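Next comes data-v8.txt, with compact mmCIF, C-alpha atoms.
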```
# COMPACT_ATOMS: atom_id res chain seq x y z
CA MET A 501 -16.80 12.99 -4.86
CA PRO A 502 -18.76 12.35 -1.64
CA VAL A 503 -22.04 11.32 -3.24
CA PRO A 504 -23.88 10.67 0.08
CA LEU A 505 -23.18 14.25 1.18
CA LEU A 506 -24.46 15.68 -2.10
CA LEU A 507 -27.51 13.44 -1.94
CA ARG A 508 -28.38 14.61 1.57
CA PHE A 509 -27.93 18.22 0.51
CA TYR A 510 -30.10 17.67 -2.55
CA VAL A 511 -32.91 15.94 -0.65
CA PHE A 512 -32.90 18.53 2.10
CA VAL A 513 -33.03 21.59 -0.17
CA LEU A 514 -35.55 19.85 -2.42
CA ALA A 515 -37.79 19.29 0.62
CA GLU A 516 -37.37 22.88 1.76
CA VAL A 517 -38.31 24.31 -1.63
CA GLY A 518 -41.15 21.81 -1.97
CA VAL A 519 -42.66 22.85 1.35
CA SER A 520 -42.32 26.51 0.37
CA LEU A 521 -44.11 25.88 -2.93
CA ALA A 522 -46.91 24.03 -1.15
CA VAL A 523 -47.38 26.87 1.33
CA VAL A 524 -47.47 29.65 -1.26
CA ARG A 525 -49.00 27.82 -4.20
CA LYS A 526 -51.66 30.53 -4.64
CA ARG A 527 -49.08 33.30 -5.08
CA ARG A 528 -47.90 33.12 -8.65
CA GLU A 529 -44.74 35.22 -8.25
CA THR A 530 -43.52 33.23 -5.26
CA PHE A 531 -44.44 29.95 -6.96
CA VAL A 532 -42.38 30.87 -10.02
CA ARG A 533 -39.54 31.89 -7.71
CA GLY A 534 -39.60 28.44 -6.12
CA LEU A 535 -39.59 26.66 -9.48
CA THR A 536 -36.56 28.66 -10.56
CA ALA A 537 -34.85 27.75 -7.28
CA LEU A 538 -35.49 24.09 -8.06
CA GLY A 539 -33.77 24.47 -11.41
CA LEU A 540 -30.77 26.19 -9.84
CA LEU A 541 -30.55 23.45 -7.20
CA HIS A 542 -30.10 20.82 -9.90
CA VAL A 543 -27.41 22.87 -11.65
CA VAL A 544 -25.47 23.35 -8.42
CA VAL A 545 -25.69 19.68 -7.43
CA LEU A 546 -24.73 18.50 -10.93
CA THR A 547 -21.67 20.75 -11.17
CA LEU A 548 -20.52 19.81 -7.65
CA TRP A 549 -20.93 16.13 -8.51
CA LEU A 550 -18.87 16.57 -11.67
CA GLY A 551 -16.02 18.03 -9.63
CA PRO A 552 -14.23 21.28 -8.76
CA ALA A 553 -13.55 22.19 -12.39
CA ALA A 554 -17.23 21.97 -13.31
CA PHE A 555 -18.28 24.00 -10.27
CA ALA A 556 -15.61 26.59 -11.09
CA ALA A 557 -17.07 26.81 -14.61
CA PHE A 558 -20.51 27.38 -13.07
CA CYS A 559 -19.12 30.16 -10.84
CA SER A 560 -17.45 31.70 -13.91
CA ALA A 561 -20.79 31.70 -15.72
CA VAL A 562 -22.42 33.38 -12.71
CA LEU A 563 -19.67 36.01 -12.76
CA ALA A 564 -19.85 36.67 -16.49
CA LEU A 565 -23.64 36.93 -16.53
CA SER A 566 -23.70 39.17 -13.43
CA VAL A 567 -21.16 41.55 -14.96
CA TRP A 568 -23.00 41.52 -18.29
CA GLU A 569 -26.19 42.58 -16.49
CA ALA A 570 -24.42 45.30 -14.54
CA ALA A 571 -22.34 46.75 -17.37
CA GLU A 572 -23.54 49.64 -19.47
CA GLY A 573 -23.03 50.32 -23.14
CA GLY A 574 -23.10 48.03 -26.12
CA VAL A 575 -22.06 44.43 -26.62
CA ALA A 576 -18.37 45.30 -26.95
CA ALA A 577 -18.23 47.26 -23.69
CA ARG A 578 -20.07 44.53 -21.79
CA ALA A 579 -17.86 41.82 -23.27
CA VAL A 580 -14.67 43.70 -22.33
CA LEU A 581 -15.74 44.16 -18.71
CA ALA A 582 -16.94 40.55 -18.47
CA GLY A 583 -13.62 39.35 -19.88
CA LEU A 584 -11.63 41.50 -17.44
CA SER A 585 -13.76 40.18 -14.58
CA LEU A 586 -13.16 36.57 -15.59
CA ALA A 587 -9.41 37.21 -15.78
CA THR A 588 -9.51 38.92 -12.37
CA GLY A 589 -11.55 36.06 -10.95
CA ALA A 590 -9.03 33.51 -12.24
CA ALA A 591 -6.17 35.48 -10.68
CA ALA A 592 -8.09 35.71 -7.39
CA TYR A 593 -8.76 31.97 -7.45
CA LEU A 594 -5.09 31.18 -7.94
CA TRP A 595 -3.24 33.84 -5.96
CA LEU A 596 -5.37 36.26 -3.92
CA PRO A 597 -5.14 35.70 -0.13
CA ALA A 598 -8.46 35.19 1.59
CA ALA A 599 -7.96 38.18 3.90
CA ALA A 600 -7.32 40.52 0.97
CA ALA A 601 -10.34 39.19 -0.95
CA ALA A 602 -12.65 39.56 2.05
CA LEU A 603 -11.43 43.08 2.82
CA LEU A 604 -11.74 44.18 -0.79
CA ALA A 605 -15.23 42.75 -1.15
CA VAL A 606 -16.43 44.34 2.09
CA VAL A 607 -15.03 47.77 1.14
CA VAL A 608 -16.64 47.69 -2.31
CA ALA A 609 -19.98 46.48 -0.91
CA ALA A 610 -19.95 49.20 1.74
CA SER A 611 -19.10 51.78 -0.92
CA ALA A 612 -22.17 50.78 -2.93
CA VAL A 613 -24.34 51.33 0.15
CA PHE A 614 -22.84 54.55 1.52
CA LEU A 615 -21.53 56.49 -1.48
CA PRO A 616 -23.87 59.02 -3.14
CA ALA A 617 -26.09 57.55 -5.84
CA ALA A 618 -24.49 59.87 -8.41
CA VAL A 619 -21.16 58.15 -7.81
CA VAL A 620 -22.55 54.61 -7.72
CA ARG A 621 -24.30 54.98 -11.08
CA ARG A 622 -21.10 55.93 -12.91
CA PRO A 623 -19.61 53.34 -15.29
CA ALA A 624 -16.33 53.51 -13.36
CA PHE A 625 -18.07 52.28 -10.22
CA THR A 626 -19.60 49.41 -12.18
CA ALA A 627 -16.06 48.36 -13.06
CA VAL A 628 -15.04 48.62 -9.40
CA LEU A 629 -18.05 46.50 -8.41
CA ALA A 630 -17.26 43.90 -11.06
CA LEU A 631 -13.53 43.62 -10.30
CA GLY A 632 -13.62 44.23 -6.55
CA LEU A 633 -16.73 42.33 -5.44
CA MET A 634 -18.09 40.06 -8.15
CA ALA A 635 -14.76 38.62 -9.34
CA PRO A 636 -13.30 37.70 -5.93
CA GLY A 637 -16.75 36.57 -4.77
CA ALA A 638 -17.14 34.10 -7.63
CA ALA A 639 -13.50 33.00 -7.27
CA PHE A 640 -13.87 32.18 -3.59
CA LEU A 641 -17.20 30.47 -4.11
CA ALA A 642 -15.37 28.16 -6.54
CA ARG A 643 -12.47 27.79 -4.08
CA LEU A 644 -14.84 26.58 -1.35
CA ALA A 645 -15.61 23.46 -3.40
CA ALA A 646 -11.97 22.47 -3.96
CA PRO A 647 -10.98 19.86 -3.09
CA HIS A 648 -14.10 18.99 -1.00
CA PRO A 649 -17.61 20.38 -1.59
CA GLY A 650 -18.49 20.57 2.12
CA PRO A 651 -17.66 24.27 2.66
CA ALA A 652 -19.51 25.33 -0.50
CA LEU A 653 -22.54 23.26 0.49
CA GLY A 654 -22.42 24.70 4.00
CA LEU A 655 -22.41 28.27 2.75
CA ILE A 656 -25.16 27.62 0.21
CA VAL A 657 -27.39 25.98 2.84
CA LEU A 658 -27.00 28.87 5.28
CA VAL A 659 -27.47 31.62 2.71
CA GLN A 660 -30.45 29.75 1.26
CA PHE A 661 -32.04 29.59 4.71
CA ASN A 662 -31.38 33.25 5.36
CA ASP A 663 -32.60 34.41 1.96
CA ALA A 664 -35.71 32.23 1.73
CA PHE A 665 -37.04 32.88 5.20
CA ALA A 666 -36.18 36.57 5.12
CA TYR A 667 -38.22 36.77 1.91
CA PHE A 668 -41.21 34.85 3.30
CA GLY A 669 -40.99 36.54 6.71
CA GLY A 670 -40.87 39.97 5.10
CA LYS A 671 -43.82 39.16 2.83
CA ARG A 672 -45.94 37.93 5.74
CA PHE A 673 -44.89 40.07 8.68
CA GLY A 674 -42.85 42.96 7.26
CA ARG A 675 -43.79 46.27 8.87
CA THR A 676 -40.55 48.06 9.72
CA HIS A 677 -38.39 49.01 6.73
CA PRO A 678 -34.88 50.15 7.74
CA PHE A 679 -33.72 51.00 4.20
CA PRO A 680 -36.74 52.62 2.49
CA THR A 681 -34.70 54.36 -0.22
CA ILE A 682 -32.21 51.56 -0.95
CA SER A 683 -34.32 48.44 -0.55
CA PRO A 684 -37.92 49.27 0.43
CA ASN A 685 -39.02 45.61 0.50
CA LYS A 686 -36.48 44.64 3.17
CA SER A 687 -37.89 44.65 6.70
CA VAL A 688 -36.63 44.13 10.24
CA GLU A 689 -39.14 41.31 10.61
CA GLY A 690 -37.83 39.63 7.46
CA TYR A 691 -34.23 39.96 8.65
CA ALA A 692 -35.23 38.43 11.99
CA ALA A 693 -36.94 35.50 10.28
CA GLY A 694 -33.87 34.89 8.15
CA ALA A 695 -31.55 35.07 11.16
CA LEU A 696 -33.64 32.58 13.14
CA ALA A 697 -33.89 30.21 10.17
CA THR A 698 -30.13 30.40 9.66
CA ALA A 699 -29.63 29.19 13.22
CA VAL A 700 -31.76 26.18 12.30
CA GLY A 701 -29.64 25.75 9.18
CA ILE A 702 -26.50 25.52 11.32
CA VAL A 703 -28.08 22.64 13.25
CA VAL A 704 -28.85 20.99 9.92
CA LEU A 705 -25.19 21.27 8.89
CA HIS A 706 -24.20 19.20 11.89
CA THR A 707 -26.98 16.61 11.59
CA LEU A 708 -28.96 16.02 8.39
CA VAL A 709 -26.33 17.48 6.06
CA PRO A 710 -23.00 17.05 7.89
CA ALA A 711 -21.11 19.33 5.53
CA LEU A 712 -18.85 20.87 8.18
CA PRO A 713 -16.85 19.54 11.17
CA ALA A 714 -18.78 18.87 14.36
CA ARG A 715 -15.95 20.11 16.60
CA ASP A 716 -16.50 23.19 18.77
CA ALA A 717 -20.14 23.26 17.76
CA LEU A 718 -21.21 26.37 19.67
CA PRO A 719 -18.39 28.80 18.72
CA LEU A 720 -18.36 27.42 15.19
CA GLY A 721 -22.11 27.90 14.98
CA VAL A 722 -21.87 31.53 16.09
CA LEU A 723 -19.19 32.25 13.47
CA LEU A 724 -21.20 30.58 10.72
CA TRP A 725 -24.34 32.42 11.78
CA LEU A 726 -22.57 35.79 11.69
CA CYS A 727 -20.98 35.01 8.34
CA ALA A 728 -24.19 33.88 6.68
CA VAL A 729 -26.51 36.49 8.15
CA VAL A 730 -24.34 39.60 8.17
CA SER A 731 -22.24 39.13 5.02
CA ALA A 732 -25.11 37.76 2.92
CA ASN A 733 -27.44 40.61 3.94
CA VAL A 734 -24.78 43.26 3.34
CA GLY A 735 -24.01 41.78 -0.07
CA ASP A 736 -27.69 41.77 -0.96
CA LEU A 737 -28.04 45.35 0.27
CA ALA A 738 -25.05 46.44 -1.81
CA VAL A 739 -26.64 45.00 -4.95
CA SER A 740 -29.94 46.70 -4.06
CA ALA A 741 -28.17 50.04 -3.56
CA TYR A 742 -26.43 49.68 -6.91
CA LYS A 743 -29.69 48.91 -8.70
CA ARG A 744 -31.51 51.72 -6.91
CA ALA A 745 -28.82 54.22 -7.96
CA ARG A 746 -29.32 53.13 -11.56
CA GLY A 747 -33.10 53.29 -11.27
CA VAL A 748 -33.83 49.60 -11.95
CA LYS A 749 -35.71 47.05 -9.87
CA ASP A 750 -33.97 43.92 -11.14
CA SER A 751 -30.55 43.42 -12.70
CA GLY A 752 -32.08 41.29 -15.45
CA ARG A 753 -34.84 38.85 -16.37
CA LEU A 754 -32.94 35.61 -16.89
CA LEU A 755 -34.23 33.94 -13.71
CA PRO A 756 -38.05 34.11 -13.43
CA GLY A 757 -39.21 35.17 -9.98
CA HIS A 758 -35.74 36.35 -9.00
CA GLY A 759 -34.81 38.81 -11.73
CA GLY A 760 -31.26 38.56 -12.95
CA VAL A 761 -28.26 36.46 -12.01
CA LEU A 762 -26.87 39.27 -9.88
CA ASP A 763 -30.19 39.48 -8.00
CA ARG A 764 -29.95 35.78 -7.12
CA PHE A 765 -26.23 35.44 -6.35
CA GLY A 766 -25.33 38.89 -5.00
CA ASN A 767 -25.49 37.73 -1.38
CA LEU A 768 -23.14 34.79 -2.04
CA LEU A 769 -20.59 37.03 -3.75
CA LEU A 770 -19.78 38.79 -0.48
CA ALA A 771 -20.35 35.83 1.84
CA ALA A 772 -17.96 33.53 -0.08
CA PRO A 773 -14.75 35.56 0.55
CA VAL A 774 -15.70 36.02 4.21
CA PHE A 775 -16.36 32.29 4.50
CA GLY A 776 -13.04 31.64 2.77
CA LEU A 777 -11.28 33.84 5.31
CA LEU A 778 -12.73 31.79 8.18
CA LEU A 779 -11.48 28.65 6.46
CA SER A 780 -8.00 30.08 5.89
CA LEU A 781 -7.77 30.94 9.60
CA HIS A 782 -8.86 27.37 10.47
CA LEU A 783 -11.84 28.72 12.37
CA ILE A 784 -14.14 26.32 10.53
```
Write-out of the structure in structure tokens:
Amino acid sequence: MPVPLLLRFYVFVLAEVGVSLAVVRKRRETFVRGLTALGLLHVVVLTLWLGPAAFAAFCSAVLALSVWEAAEGGVAARAVLAGLSLATGAAAYLWLPAAAAALLAVVVAASAVFLPAAVVRRPAFTAVLALGLMAPGAAFLARLAAPHPGPALGLIVLVQFNDAFAYFGGKRFGRTHPFPTISPNKSVEGYAAGALATAVGIVVLHTLVPALPARDALPLGVLLWLCAVVSANVGDLAVSAYKRARGVKDSGRLLPGHGGVLDRFGNLLLAAPVFGLLLSLHLI
């Protein structure tokens, strides 16, 4: 396990979250959000340090908890869908081609955004979301860390930049809301802040946290930027559309300041298969 790489990643994200907490220390909700992010950082670093199997177990827990939050019905119904999702995720990890996983995840995410709310809120669509987006997303997030954690760290850094700065930029400057019915808190200004910060994150990946190859820096940077910004935002929007159709603000309450596990990891679940596709094509 490349301990120096993990240490640089840890120090960098720790500094980023620390600065964010210092800036917004008077806003309780945002402060709690930052503290939760600190806790998640330690879990991610610990599981990556322990090796691919431990990180795969972490991704499985993310999948099971996300499906449990999304599923309707009693304990038995939730357990069945979570079990099916874990089995599907294991199959995707072992056998599903990256192109098929990315295409499936994109189609399901787009369906959540564009299909009528009456369709999205049906239990059958929850199963489609769990098996077609969450399962391959978690599987490919785990795949990115095997055998080397660099790709997983790279994706997490970029999505973290995009998510954090889109959140802060939207809170501070948000005026134009392109999706008022699906995700009223999302703003053009927030998206712009996240996109600009992600470009900075790409520079970080080649300098402070050299998690990815330095070859072909400019074309590689453009691909990474598109992957992190577009796929992460679409994944987040798909989760928002699903929650809006069901009439809930958050998928759960397990993660203070963020809501549920699906609220926190929804953007990674689409970005990971797309990132995996770029890797399979040797574009990164």
- Message: Using all atoms listed in the file for the distances, tell me which of A:Val688, A:Ala564, A:Leu644, A:Leu655 is nearest to Gly669 (chain A).
- Response: A:Val688
Take the point (-15.4, 46.7, -5.5) in the file's coordinates, draw a sphere of radius 12 Å around it, and report as a PDB file with C-alpha atoms, in the coordinates of the input every protein, DNA or RNA residue with an atom inside or on it, counting all atoms listed in the file.
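File part.pdb, as written:
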```
ATOM      1  CA  SER A 585     -13.760  40.180 -14.580  1.00  0.00           C
ATOM      2  CA  THR A 588      -9.510  38.920 -12.370  1.00  0.00           C
ATOM      3  CA  ALA A 601     -10.340  39.190  -0.950  1.00  0.00           C
ATOM      4  CA  ALA A 602     -12.650  39.560   2.050  1.00  0.00           C
ATOM      5  CA  LEU A 603     -11.430  43.080   2.820  1.00  0.00           C
ATOM      6  CA  LEU A 604     -11.740  44.180  -0.790  1.00  0.00           C
ATOM      7  CA  ALA A 605     -15.230  42.750  -1.150  1.00  0.00           C
ATOM      8  CA  VAL A 606     -16.430  44.340   2.090  1.00  0.00           C
ATOM      9  CA  VAL A 607     -15.030  47.770   1.140  1.00  0.00           C
ATOM     10  CA  VAL A 608     -16.640  47.690  -2.310  1.00  0.00           C
ATOM     11  CA  ALA A 609     -19.980  46.480  -0.910  1.00  0.00           C
ATOM     12  CA  ALA A 610     -19.950  49.200   1.740  1.00  0.00           C
ATOM     13  CA  SER A 611     -19.100  51.780  -0.920  1.00  0.00           C
ATOM     14  CA  ALA A 612     -22.170  50.780  -2.930  1.00  0.00           C
ATOM     15  CA  VAL A 613     -24.340  51.330   0.150  1.00  0.00           C
ATOM     16  CA  VAL A 620     -22.550  54.610  -7.720  1.00  0.00           C
ATOM     17  CA  ALA A 624     -16.330  53.510 -13.360  1.00  0.00           C
ATOM     18  CA  PHE A 625     -18.070  52.280 -10.220  1.00  0.00           C
ATOM     19  CA  THR A 626     -19.600  49.410 -12.180  1.00  0.00           C
ATOM     20  CA  ALA A 627     -16.060  48.360 -13.060  1.00  0.00           C
ATOM     21  CA  VAL A 628     -15.040  48.620  -9.400  1.00  0.00           C
ATOM     22  CA  LEU A 629     -18.050  46.500  -8.410  1.00  0.00           C
ATOM     23  CA  ALA A 630     -17.260  43.900 -11.060  1.00  0.00           C
ATOM     24  CA  LEU A 631     -13.530  43.620 -10.300  1.00  0.00           C
ATOM     25  CA  GLY A 632     -13.620  44.230  -6.550  1.00  0.00           C
ATOM     26  CA  LEU A 633     -16.730  42.330  -5.440  1.00  0.00           C
ATOM     27  CA  MET A 634     -18.090  40.060  -8.150  1.00  0.00           C
ATOM     28  CA  ALA A 635     -14.760  38.620  -9.340  1.00  0.00           C
ATOM     29  CA  PRO A 636     -13.300  37.700  -5.930  1.00  0.00           C
ATOM     30  CA  GLY A 637     -16.750  36.570  -4.770  1.00  0.00           C
ATOM     31  CA  GLY A 735     -24.010  41.780  -0.070  1.00  0.00           C
ATOM     32  CA  ALA A 738     -25.050  46.440  -1.810  1.00  0.00           C
ATOM     33  CA  VAL A 739     -26.640  45.000  -4.950  1.00  0.00           C
ATOM     34  CA  TYR A 742     -26.430  49.680  -6.910  1.00  0.00           C
ATOM     35  CA  LEU A 769     -20.590  37.030  -3.750  1.00  0.00           C
ATOM     36  CA  LEU A 770     -19.780  38.790  -0.480  1.00  0.00           C
TER      37      LEU A 770
END
```
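Separating CA of Val657 (chain A) from CA of Val761 (chain A) is a distance of 18.2 Å.
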Hey, what's within 9 Å of region 595-599 of chain A if we count all atoms listed in the file and toss same-chain stuff fewer than 6 positions away? As a PDB file with C-alpha atoms, in the coordinates of the input, please?
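Below you can see part.pdb, which holds the result:
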```
ATOM      1  CA  PRO A 636     -13.300  37.700  -5.930  1.00  0.00           C
ATOM      2  CA  PHE A 640     -13.870  32.180  -3.590  1.00  0.00           C
ATOM      3  CA  PRO A 773     -14.750  35.560   0.550  1.00  0.00           C
ATOM      4  CA  VAL A 774     -15.700  36.020   4.210  1.00  0.00           C
ATOM      5  CA  PHE A 775     -16.360  32.290   4.500  1.00  0.00           C
ATOM      6  CA  GLY A 776     -13.040  31.640   2.770  1.00  0.00           C
ATOM      7  CA  LEU A 777     -11.280  33.840   5.310  1.00  0.00           C
ATOM      8  CA  LEU A 778     -12.730  31.790   8.180  1.00  0.00           C
ATOM      9  CA  LEU A 779     -11.480  28.650   6.460  1.00  0.00           C
ATOM     10  CA  SER A 780      -8.000  30.080   5.890  1.00  0.00           C
TER      11      SER A 780
END
```
How big is the axis-aligned box around all listed atoms of region 611-618 of chain A once 4 Å goes on each side, and where's its centre, in Å to one decimal, as lines of an AutoDock Vina configuration file?
```
center_x = -22.6
center_y = 55.3
center_z = -3.4
size_x = 15.0
size_y = 17.1
size_z = 17.9
```
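Closest approach to Leu505 (chain A) among A:Pro710, A:Pro684, A:Gly589, A:Gly701: A:Pro710, based on only C-alpha atoms.
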Hey, which bits of region 635-664 of chain A sit within 12 Å of region 507-519 of chain A, and for each residue what's the closest pair of atoms and how far apart in Å (one decimal), counting all atoms listed in the file, rows by chain and increasing number, as a Markdown table?
```
| residue | atom | partner | partner_atom | distance |
| --- | --- | --- | --- | --- |
| A:Pro649 | CA | A:Phe509 | CA | 10.8 |
| A:Gly650 | CA | A:Phe509 | CA | 9.9 |
| A:Ala652 | CA | A:Phe509 | CA | 11.1 |
| A:Leu653 | CA | A:Phe509 | CA | 7.4 |
| A:Gly654 | CA | A:Phe509 | CA | 9.2 |
| A:Leu655 | CA | A:Phe509 | CA | 11.7 |
| A:Ile656 | CA | A:Phe509 | CA | 9.8 |
| A:Val657 | CA | A:Val513 | CA | 7.8 |
| A:Leu658 | CA | A:Val513 | CA | 10.9 |
| A:Val659 | CA | A:Val513 | CA | 11.8 |
| A:Gln660 | CA | A:Val513 | CA | 8.7 |
| A:Phe661 | CA | A:Glu516 | CA | 9.1 |
| A:Ala664 | CA | A:Val517 | CA | 9.0 |
```
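The nearest approach to Gly670 (chain A) among the residues A:Leu550, A:Ala693, A:Leu541, A:Leu726, with all atoms listed in the file taken into account, belongs to A:Ala693.
Note that the spacing between CA of Ala617 (chain A) and CA of Ala741 (chain A) amounts to 8.1 Å.
With distances restricted to all atoms listed in the file, A:His758 is the closest residue to Tyr667 (chain A) from A:Arg578, A:Arg621, A:Lys743, A:His758.
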- Note on the structure: Pairwise distance, CA of Leu696 (chain A) with CA of Asn662 (chain A), equals 8.1 Å
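Residue nearest Gly759 (chain A), chosen from A:His648, A:His677, A:Arg533, A:Lys686 and counting all atoms listed in the file: A:Arg533.
Distances from A:Ala711, A:Leu506, A:Val543, A:Ala537 to Phe555 (chain A) were compared using only C-alpha atoms, and the smallest one belongs to A:Val543.
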Kindly complete region 595-617 of chain A to N, CA and C atoms; the output should be written as a tab-separated table (two decimals), in the coordinates of the input.
```
chain	number	residue	atom	x	y	z
A	595	TRP	N	-4.27	33.15	-6.73
A	595	TRP	CA	-3.24	33.84	-5.96
A	595	TRP	C	-3.74	34.75	-4.84
A	596	LEU	N	-4.96	35.23	-4.88
A	596	LEU	CA	-5.37	36.26	-3.92
A	596	LEU	C	-5.58	35.66	-2.53
A	597	PRO	N	-4.91	36.19	-1.49
A	597	PRO	CA	-5.14	35.70	-0.13
A	597	PRO	C	-6.58	35.96	0.31
A	598	ALA	N	-7.07	35.09	1.15
A	598	ALA	CA	-8.46	35.19	1.59
A	598	ALA	C	-8.72	36.50	2.33
A	599	ALA	N	-7.77	36.94	3.15
A	599	ALA	CA	-7.96	38.18	3.90
A	599	ALA	C	-8.10	39.37	2.97
A	600	ALA	N	-7.26	39.42	1.93
A	600	ALA	CA	-7.32	40.52	0.97
A	600	ALA	C	-8.64	40.50	0.20
A	601	ALA	N	-9.08	39.30	-0.20
A	601	ALA	CA	-10.34	39.19	-0.95
A	601	ALA	C	-11.52	39.63	-0.10
A	602	ALA	N	-11.54	39.19	1.17
A	602	ALA	CA	-12.65	39.56	2.05
A	602	ALA	C	-12.67	41.06	2.30
A	603	LEU	N	-11.50	41.64	2.56
A	603	LEU	CA	-11.43	43.08	2.82
A	603	LEU	C	-11.86	43.87	1.60
A	604	LEU	N	-11.38	43.48	0.44
A	604	LEU	CA	-11.74	44.18	-0.79
A	604	LEU	C	-13.23	44.11	-1.05
A	605	ALA	N	-13.80	42.93	-0.90
A	605	ALA	CA	-15.23	42.75	-1.15
A	605	ALA	C	-16.07	43.56	-0.17
A	606	VAL	N	-15.67	43.58	1.09
A	606	VAL	CA	-16.43	44.34	2.09
A	606	VAL	C	-16.36	45.84	1.80
A	607	VAL	N	-15.19	46.34	1.44
A	607	VAL	CA	-15.03	47.77	1.14
A	607	VAL	C	-15.88	48.17	-0.06
A	608	VAL	N	-15.86	47.36	-1.11
A	608	VAL	CA	-16.64	47.69	-2.31
A	608	VAL	C	-18.14	47.62	-2.01
A	609	ALA	N	-18.56	46.59	-1.26
A	609	ALA	CA	-19.98	46.48	-0.91
A	609	ALA	C	-20.43	47.67	-0.07
A	610	ALA	N	-19.61	48.05	0.91
A	610	ALA	CA	-19.95	49.20	1.74
A	610	ALA	C	-20.00	50.49	0.92
A	611	SER	N	-19.11	50.60	-0.06
A	611	SER	CA	-19.10	51.78	-0.92
A	611	SER	C	-20.40	51.90	-1.71
A	612	ALA	N	-20.91	50.76	-2.19
A	612	ALA	CA	-22.17	50.78	-2.93
A	612	ALA	C	-23.32	51.27	-2.06
A	613	VAL	N	-23.26	50.95	-0.76
A	613	VAL	CA	-24.34	51.33	0.15
A	613	VAL	C	-24.23	52.79	0.58
A	614	PHE	N	-23.00	53.25	0.86
A	614	PHE	CA	-22.84	54.55	1.52
A	614	PHE	C	-22.44	55.70	0.59
A	615	LEU	N	-21.88	55.41	-0.57
A	615	LEU	CA	-21.53	56.49	-1.48
A	615	LEU	C	-22.78	57.11	-2.08
A	616	PRO	N	-22.71	58.39	-2.49
A	616	PRO	CA	-23.87	59.02	-3.14
A	616	PRO	C	-24.28	58.26	-4.40
A	617	ALA	N	-25.57	58.27	-4.67
A	617	ALA	CA	-26.09	57.55	-5.84
A	617	ALA	C	-25.45	58.03	-7.13
```
